[in-house]
There are 2 protein chains.
Amino acid sequence: MGASLELAVSTVILALLPGTTAGCGDETLQLHLPLVRRTREPFAGRWALPGGWVTPDERLSSAARRTLAETTGLRPSYLEQLYTFGAPHRSPTGRVVSVVYTALVRAPEAAAVEIGENVRWAPADRLMETVGELAFDHAEIVDYALWRLRTKVGYAAIAQHFLGETFTLAELRGVHEAVLGKHLDPANFRRSVAASGAVEATDEVRSGAAHRPARLYRAVLPPGGATGGYPPWQSRPELG
Amino acid sequence: MGASLELAVSTVILALLPGTTAGCGDETLQLHLPLVRRTREPFAGRWALPGGWVTPDERLSSAARRTLAETTGLRPSYLEQLYTFGAPHRSPTGRVVSVVYTALVRAPEAAAVEIGENVRWAPADRLMETVGELAFDHAEIVDYALWRLRTKVGYAAIAQHFLGETFTLAELRGVHEAVLGKHLDPANFRRSVAASGAVEATDEVRSGAAHRPARLYRAVLPPGGATGGYPPWQSRPELG
DNA sequence: TCCGTTCAGGTCAGCGCGACACTAACACCA
DNA sequence: TGGTGTTAGTGTCGCGCTGACCTGAACGGA
């Protein structure tokens with residue numbers, strides 16, 4: 001029935017890395033994503049999202065995981081389905097339907113990517129300036145992923161995915177400021193986070209700096225069913 | 001590359017129809033969705049979501065529209081992509097990946113469905129009791145669609161899709177009460193809707209009943225870009 | 001010892017929302 | 001014709017969340 005049609009997966013992986021501004025000084029974090037340079041037609045030489053074909057016996061998310069690891073070496077712990085793109089002429093060489101997954105990774109994991117001639121991190125908000133036009137409709141896909149991150153993702157998810165096991169509230173706030181692109185009041189941010197129940201305090205503190213040490217916190221996953229349904233990001237039972 | 005794999009589309013169409021409670025009295029509206037009885041294996045005799053195969057030259061949404069019209073006669077004006085289900089053994093007869101679309105339709109449009117031996121409306125919250133277990137993983141798909149409707153859809157969209165061109169606030173409130181399954185305070189509902197800017201008052205009123213006539217309102221679409229991105233339901237440029 | 005910096009917590013005003021009382025405008029009926 | 005019932009629509013109050021700002025706590029460094 002539905003033949004002569006290829007099913008692919010792509011992934012939009014977002015990481016907060018130091019800004020690659022050529023000038024010095026500016027040490028701010030910026031959203032980056034890994035891109036792969038195409039070596040074959042169509043769009044040979046252009047940069048594209050990591051991805052590949054789905055094999056008959058693997059889950060869609062497994063295909064995304066596998067192709068991501070094959071091309072970039074990244075192995076994120078959690079992938080979320082973003083959208084399925086299937087316009088008839090997305091690819092000039094035939095009908096390709098792409099199920100796109102997205103994930104957030106920490107900077108240490110992001111460092112696992114073997115940067116090379118054909119793999120690189122690119123600043124999500126300046127793709128055009130840094131790598132030129134993306135292959136296929138991948139620029140549109142990235143835009144949609146960024147919109148989802150900025151409008152739909154909560155404290156716990158961002159903390160858990162962008163920071164380590166434990167973190168200070170200042171670190172969590174810094175991550176949020178980088179994602180949202182605006183300054184947040186430390187006191188109000190603290191209250192807001194505490195009220196959300198997304199983090200819990202640990203006994204430890206982070207010392208060493210020339211000021212009062214900060215308490216360390218840990219992300220606490222939503223109790224899975226407390227909201228009576230599917231939380232939007234993490235912790236939804238993976239759908240088939 | 002990615003062969004031996006079928007791509008299908010399914011649709012979850014939601015309409016508010018009078019409750020089919022056998023007993024008298026209860027005239028409340030209930031969420032219903034159209035189901036189609038399968039005539040072939042697998043799952044012959046079981047009820048399933050309307051859907052079918054994607055042909056090589058049509059958009060995914062067009063395939064959803066076409067198969068929905070072929071099986072039920074429904075032609076909703078707008079379809080929204082819900083999720084793509086692709087677990088390896090969803091279908092016992094081979095690998096099938098289903099891109100699921102969803103839409104809300106008004107009762108008059110819903111009446112266009114030619115009810116028969118193999119097509120019927122079923123109450124969304126009592127599928128098991130009324131039609132037994134659905135084919136494939138369609139019950140899971142319906143659950144996810146209901147969750148999305150109840151938690152993600154705003155005033156304007158519900159008004160526009162479930163009601164006519166103009167409507168009273170009482171009608172809009174009734175629709176929301178039916179969707180959410182709980183009573184809403186008329187005064188607070190009015191203020192909340194007004195503040196959202198999702199509706200605008202018209203000059204007309206609806207008279208005829210034995211009480212003060214109610215002003216008619218009209219749904220106003222979000223200004224498409226006011227939020228600087230993709231509004232969640234209606235009015236997002238259809239993605240590829 | 002003093003000082004600068006950051007952590008941590010508190011206060012206060014404004015806003016949105018739920019609960020509830022009240023007025024307005026029609027149809028119906030005695 | 002005027003009273004009555006019913007629903008439309010408005011006003012008010014209190015609570016909780018949020019932004020803006022202030023104060024004390026705890027460190028390293030001069």
# chains A, B, ... in the order shown; residues from 1 in each chain; ligands from 1
>>> interface_residues(of="chain B", to="chain D", cutoff="8 Å", atoms="only C-alpha atoms (C1' of nucleotides)", output="list in words")
Ala187, Ala210, His211, Arg212, Pro213 and Ala214 of chain B
>>> write_last_selection(atoms="N, CA and C atoms", output="PDB file, in the first residue's frame")
ATOM      1  N   ALA B 187     -19.694  34.054  36.344  1.00  0.00           N
ATOM      2  CA  ALA B 187     -19.084  35.381  36.439  1.00  0.00           C
ATOM      3  C   ALA B 187     -17.586  35.308  36.182  1.00  0.00           C
ATOM      4  N   ALA B 210     -37.153  32.838  27.999  1.00  0.00           N
ATOM      5  CA  ALA B 210     -37.935  33.511  29.035  1.00  0.00           C
ATOM      6  C   ALA B 210     -37.011  34.184  30.046  1.00  0.00           C
ATOM      7  N   HIS B 211     -36.094  34.957  29.532  1.00  0.00           N
ATOM      8  CA  HIS B 211     -35.196  35.675  30.445  1.00  0.00           C
ATOM      9  C   HIS B 211     -34.460  36.729  29.647  1.00  0.00           C
ATOM     10  N   ARG B 212     -33.585  37.458  30.301  1.00  0.00           N
ATOM     11  CA  ARG B 212     -32.816  38.512  29.645  1.00  0.00           C
ATOM     12  C   ARG B 212     -32.005  37.945  28.480  1.00  0.00           C
ATOM     13  N   PRO B 213     -32.050  38.633  27.335  1.00  0.00           N
ATOM     14  CA  PRO B 213     -31.305  38.113  26.179  1.00  0.00           C
ATOM     15  C   PRO B 213     -29.794  38.217  26.400  1.00  0.00           C
ATOM     16  N   ALA B 214     -29.085  37.293  25.798  1.00  0.00           N
ATOM     17  CA  ALA B 214     -27.634  37.246  25.976  1.00  0.00           C
ATOM     18  C   ALA B 214     -26.934  37.842  24.765  1.00  0.00           C
TER      19      ALA B 214
END
>>> select_by_dssp(residues="segment 51-141 of chain B", states="helix (DSSP H, G or I)", output="list of chain:residue names")
B:Leu60, B:Ser61, B:Ser62, B:Ala63, B:Ala64, B:Arg65, B:Arg66, B:Thr67, B:Leu68, B:Ala69, B:Glu70, B:Thr71, B:Thr72, B:Ala107, B:Pro108, B:Glu109, B:Ala110, B:Ala124, B:Asp125, B:Arg126, B:Leu127, B:Met128, B:Glu129, B:Thr130, B:Val131, B:His138, B:Ala139, B:Glu140, B:Ile141
>>> interface_residues(of="chain B", to="chain C", cutoff="12 Å", atoms="only C-alpha atoms (C1' of nucleotides)", output="list in words")
Leu184, Asp185, Pro186, Ala187, Asn188, Phe189, Arg190, Arg191, Ser192, Ala195, Ser196, Val205, Arg206, Ser207, Gly208, Ala209, Ala210, His211, Arg212, Pro213, Ala214 and Arg215 of chain B
>>> write_last_selection(atoms="N, CA and C atoms", output="PDB file, in the first residue's frame")
ATOM      1  N   LEU B 184     -18.254  25.501  36.038  1.00  0.00           N
ATOM      2  CA  LEU B 184     -17.477  26.735  36.047  1.00  0.00           C
ATOM      3  C   LEU B 184     -18.382  27.889  36.479  1.00  0.00           C
ATOM      4  N   ASP B 185     -17.859  28.773  37.292  1.00  0.00           N
ATOM      5  CA  ASP B 185     -18.612  29.926  37.757  1.00  0.00           C
ATOM      6  C   ASP B 185     -18.861  30.876  36.588  1.00  0.00           C
ATOM      7  N   PRO B 186     -20.127  31.216  36.311  1.00  0.00           N
ATOM      8  CA  PRO B 186     -20.430  32.070  35.152  1.00  0.00           C
ATOM      9  C   PRO B 186     -19.700  33.407  35.199  1.00  0.00           C
ATOM     10  N   ALA B 187     -19.694  34.054  36.344  1.00  0.00           N
ATOM     11  CA  ALA B 187     -19.084  35.381  36.439  1.00  0.00           C
ATOM     12  C   ALA B 187     -17.586  35.308  36.182  1.00  0.00           C
ATOM     13  N   ASN B 188     -16.938  34.386  36.839  1.00  0.00           N
ATOM     14  CA  ASN B 188     -15.485  34.298  36.678  1.00  0.00           C
ATOM     15  C   ASN B 188     -15.118  33.840  35.274  1.00  0.00           C
ATOM     16  N   PHE B 189     -15.939  32.956  34.726  1.00  0.00           N
ATOM     17  CA  PHE B 189     -15.683  32.509  33.362  1.00  0.00           C
ATOM     18  C   PHE B 189     -15.764  33.684  32.402  1.00  0.00           C
ATOM     19  N   ARG B 190     -16.761  34.500  32.584  1.00  0.00           N
ATOM     20  CA  ARG B 190     -16.932  35.666  31.726  1.00  0.00           C
ATOM     21  C   ARG B 190     -15.689  36.553  31.786  1.00  0.00           C
ATOM     22  N   ARG B 191     -15.263  36.868  33.009  1.00  0.00           N
ATOM     23  CA  ARG B 191     -14.097  37.740  33.138  1.00  0.00           C
ATOM     24  C   ARG B 191     -12.852  37.121  32.534  1.00  0.00           C
ATOM     25  N   SER B 192     -12.687  35.853  32.792  1.00  0.00           N
ATOM     26  CA  SER B 192     -11.502  35.169  32.292  1.00  0.00           C
ATOM     27  C   SER B 192     -11.447  35.184  30.766  1.00  0.00           C
ATOM     28  N   ALA B 195     -10.753  38.734  29.520  1.00  0.00           N
ATOM     29  CA  ALA B 195      -9.356  39.126  29.707  1.00  0.00           C
ATOM     30  C   ALA B 195      -8.442  38.441  28.687  1.00  0.00           C
ATOM     31  N   SER B 196      -8.826  37.258  28.261  1.00  0.00           N
ATOM     32  CA  SER B 196      -7.968  36.511  27.333  1.00  0.00           C
ATOM     33  C   SER B 196      -7.960  37.141  25.944  1.00  0.00           C
ATOM     34  N   VAL B 205     -27.838  40.211  19.974  1.00  0.00           N
ATOM     35  CA  VAL B 205     -28.157  39.422  21.155  1.00  0.00           C
ATOM     36  C   VAL B 205     -29.036  38.252  20.729  1.00  0.00           C
ATOM     37  N   ARG B 206     -29.087  37.261  21.554  1.00  0.00           N
ATOM     38  CA  ARG B 206     -29.961  36.115  21.284  1.00  0.00           C
ATOM     39  C   ARG B 206     -31.176  36.205  22.189  1.00  0.00           C
ATOM     40  N   SER B 207     -32.343  36.492  21.590  1.00  0.00           N
ATOM     41  CA  SER B 207     -33.570  36.640  22.370  1.00  0.00           C
ATOM     42  C   SER B 207     -34.416  35.381  22.231  1.00  0.00           C
ATOM     43  N   GLY B 208     -35.606  35.442  22.806  1.00  0.00           N
ATOM     44  CA  GLY B 208     -36.547  34.353  22.597  1.00  0.00           C
ATOM     45  C   GLY B 208     -36.793  33.524  23.832  1.00  0.00           C
ATOM     46  N   ALA B 209     -35.818  33.453  24.706  1.00  0.00           N
ATOM     47  CA  ALA B 209     -36.021  32.655  25.909  1.00  0.00           C
ATOM     48  C   ALA B 209     -36.734  33.494  26.965  1.00  0.00           C
ATOM     49  N   ALA B 210     -37.153  32.838  27.999  1.00  0.00           N
ATOM     50  CA  ALA B 210     -37.935  33.511  29.035  1.00  0.00           C
ATOM     51  C   ALA B 210     -37.011  34.184  30.046  1.00  0.00           C
ATOM     52  N   HIS B 211     -36.094  34.957  29.532  1.00  0.00           N
ATOM     53  CA  HIS B 211     -35.196  35.675  30.445  1.00  0.00           C
ATOM     54  C   HIS B 211     -34.460  36.729  29.647  1.00  0.00           C
ATOM     55  N   ARG B 212     -33.585  37.458  30.301  1.00  0.00           N
ATOM     56  CA  ARG B 212     -32.816  38.512  29.645  1.00  0.00           C
ATOM     57  C   ARG B 212     -32.005  37.945  28.480  1.00  0.00           C
ATOM     58  N   PRO B 213     -32.050  38.633  27.335  1.00  0.00           N
ATOM     59  CA  PRO B 213     -31.305  38.113  26.179  1.00  0.00           C
ATOM     60  C   PRO B 213     -29.794  38.217  26.400  1.00  0.00           C
ATOM     61  N   ALA B 214     -29.085  37.293  25.798  1.00  0.00           N
ATOM     62  CA  ALA B 214     -27.634  37.246  25.976  1.00  0.00           C
ATOM     63  C   ALA B 214     -26.934  37.842  24.765  1.00  0.00           C
ATOM     64  N   ARG B 215     -25.867  38.581  25.033  1.00  0.00           N
ATOM     65  CA  ARG B 215     -25.084  39.135  23.941  1.00  0.00           C
ATOM     66  C   ARG B 215     -24.379  38.010  23.181  1.00  0.00           C
TER      67      ARG B 215
END
>>> interface_residues(of="chain A", to="chain B", cutoff="9 Å", atoms="only C-alpha atoms", output="JSON, numbers by chain")
{"A": [1, 2, 3, 4, 5, 6, 7, 8, 53, 54, 55, 56, 57, 58, 59, 60, 61, 81, 82, 83, 84, 85, 86, 87, 88, 89, 90, 94, 95, 97, 99, 137, 140, 141, 144, 147, 148, 229, 230, 239, 240]}
>>> residues_around(residues="Ala139 of chain A", least_positions_apart="3", cutoff="10 Å", atoms="only C-alpha atoms (C1' of nucleotides)", output="list in words")
Ala48, Leu49, Ala124, Leu127, Met128, Glu133, Leu134, Ala135, Phe136, Val142, Asp143, Tyr144 and Ala145 of chain A
>>> atom_distance(atom1="atom CA of Glu129 of chain A", atom2="atom CA of Gly19 of chain A")
14.1 Å
>>> atom_distance(atom1="atom CA of Thr71 of chain A", atom2="atom CA of Val119 of chain A")
7.9 Å
>>> atom_distance(atom1="atom CA of Leu169 of chain A", atom2="atom CA of Ala103 of chain A")
22.3 Å
>>> select_by_dssp(residues="segment 56-97 of chain B", states="strand (DSSP E)", output="list in words")
Glu80, Gln81, Leu82, Tyr83, Thr84, Phe85, Val96 and Val97 of chain B
>>> residues_around(residues="Ala112 of chain B", least_positions_apart="5", cutoff="9 Å", atoms="only C-alpha atoms (C1' of nucleotides)", output="list in words")
Thr72, Gly73, Leu74 and Arg75 of chain B
